[in-house]
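Read the structure below first, then the notes.
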Amino acid sequence: MKKTYKTDIYCTFSDIRAHWSSRYIESLYREGIITGTGNGKFSPNERLKRCDFVVMLWRAMGKPEPQSLEGFSDVQSNAYYAAAVNWACEQGVTKGTGNGKFSPTGTLTREQAFTLIYRAYFYDREAADDSVLERFSDADSVSKFAVKAASSLVDMGIISGSGGKLDPKSMISRAQIAKLLCESIYYDYNSSIAVG
């Protein structure tokens, strides 16, 4: 089904004027969910740190206060992302990277993004059958923890891959995460999305 977007496109950031992701970035910026990288730029093609994506999710949820700021050993209580990461831990959105760590400054991969989005927005939805991933030539490279999320997001039309691949281990750019987050926030079950 056709997805429609309703938003007034104006360029807050100088480096997205002709970029395919501008509508997503502008919508999330207006909602206070994302910010730029300084000097009037968004840096759409740059990588995204794990902690920064969780901050975006946390803002989108209304900045809920966590019960504690001591969820992971490598997240200091005074870090700008501490409340977001610990909220995500308490809600089951993230389980960290093992050994009690979150690896906040690590590069966010595509399959990690799929998983965080799925747990934040669609965890109660009946998961899609894993067979939907068979359309991608690299389906076998999706980590076990991400299969349910990837399958469901593909089935919902939120992710479609590129060139017949999902590239689950690749980094996800700031522009790509804006699209993924925007489509998840405004997703409705009639597959019609209205942004803004």
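All residue names refer to the structure tokens as shown: chains lettered A, B, ... in order, residues numbered from 1 in each chain, ligands numbered from 1 in order.
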message: Please list as an MDAnalysis selection string every residue within 12 Å of stretch 120-132 of chain A, counting only C-alpha atoms and excluding residues in the same chain fewer than 3 positions away.
response: chainID A and resid 53:54 56:58 60:61 87:94 113:117 135:137 139:140 142 144 146:160 166 180:189
Excluding same-chain residues fewer than 3 positions from stretch 21-34 of chain A, what lies within 10 Å of it counting only C-alpha atoms, as an mmCIF file with C-alpha atoms, in the first residue's frame?
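Below is the file out00.cif, written as the result:
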```
data_model
loop_
_atom_site.group_PDB
_atom_site.id
_atom_site.type_symbol
_atom_site.label_atom_id
_atom_site.label_comp_id
_atom_site.auth_asym_id
_atom_site.auth_seq_id
_atom_site.Cartn_x
_atom_site.Cartn_y
_atom_site.Cartn_z
ATOM 1 C CA TYR A 5 3.778 11.860 4.208
ATOM 2 C CA LYS A 6 2.405 15.216 5.191
ATOM 3 C CA THR A 7 5.031 17.688 6.249
ATOM 4 C CA ASP A 8 6.206 21.157 5.359
ATOM 5 C CA ILE A 9 9.734 20.801 4.066
ATOM 6 C CA TYR A 10 12.069 23.530 5.113
ATOM 7 C CA CYS A 11 15.744 23.084 5.733
ATOM 8 C CA THR A 12 16.866 23.537 9.289
ATOM 9 C CA PHE A 13 20.241 22.030 8.413
ATOM 10 C CA ASP A 15 23.549 19.774 4.520
ATOM 11 C CA ILE A 16 20.146 18.133 3.949
ATOM 12 C CA ARG A 17 18.622 20.519 1.418
ATOM 13 C CA ALA A 18 18.878 18.017 -1.430
ATOM 14 C CA THR A 37 26.022 17.956 14.857
ATOM 15 C CA PHE A 42 23.013 17.297 10.548
ATOM 16 C CA PRO A 44 23.238 12.681 7.437
ATOM 17 C CA ASP A 52 22.809 8.636 20.750
ATOM 18 C CA PHE A 53 20.173 6.442 19.191
ATOM 19 C CA VAL A 55 18.657 9.127 23.475
ATOM 20 C CA MET A 56 16.482 9.629 20.379
ATOM 21 C CA LEU A 57 14.183 6.792 21.440
ATOM 22 C CA TRP A 58 13.997 8.208 24.966
ATOM 23 C CA ARG A 59 13.065 11.672 23.686
ATOM 24 C CA ALA A 60 10.423 10.173 21.410
ATOM 25 C CA MET A 61 8.907 8.475 24.472
ATOM 26 C CA GLY A 62 8.698 11.753 26.378
ATOM 27 C CA LYS A 63 11.943 11.490 28.386
ATOM 28 C CA ARG A 174 22.105 9.259 10.812
ATOM 29 C CA ALA A 175 19.840 9.719 7.791
ATOM 30 C CA GLN A 176 18.824 6.072 7.722
ATOM 31 C CA ILE A 177 18.040 6.073 11.430
ATOM 32 C CA ALA A 178 15.879 9.178 10.989
ATOM 33 C CA LYS A 179 13.802 7.346 8.375
ATOM 34 C CA LEU A 180 13.560 4.180 10.473
ATOM 35 C CA LEU A 181 12.573 6.070 13.599
ATOM 36 C CA CYS A 182 10.110 8.336 11.815
ATOM 37 C CA GLU A 183 8.342 5.444 10.100
ATOM 38 C CA ILE A 185 6.783 6.487 15.405
ATOM 39 C CA VAL A 195 4.380 12.669 9.366
ATOM 40 C CA GLY A 196 3.983 15.977 11.106
#
```
field: Residues near A:Pro168, cut-off 8 Å, only C-alpha atoms, skip fewer than 3 positions along chain, as a PyMOL selection string
entry: chain A and resi 109-111+141-143
query: Among chain A, which residues carry a DSSP assignment of alpha helix (DSSP H), reported as a ChimeraX atom specification?
result: /A:22-30,50-60,82-90,110-117,144-155,174-185
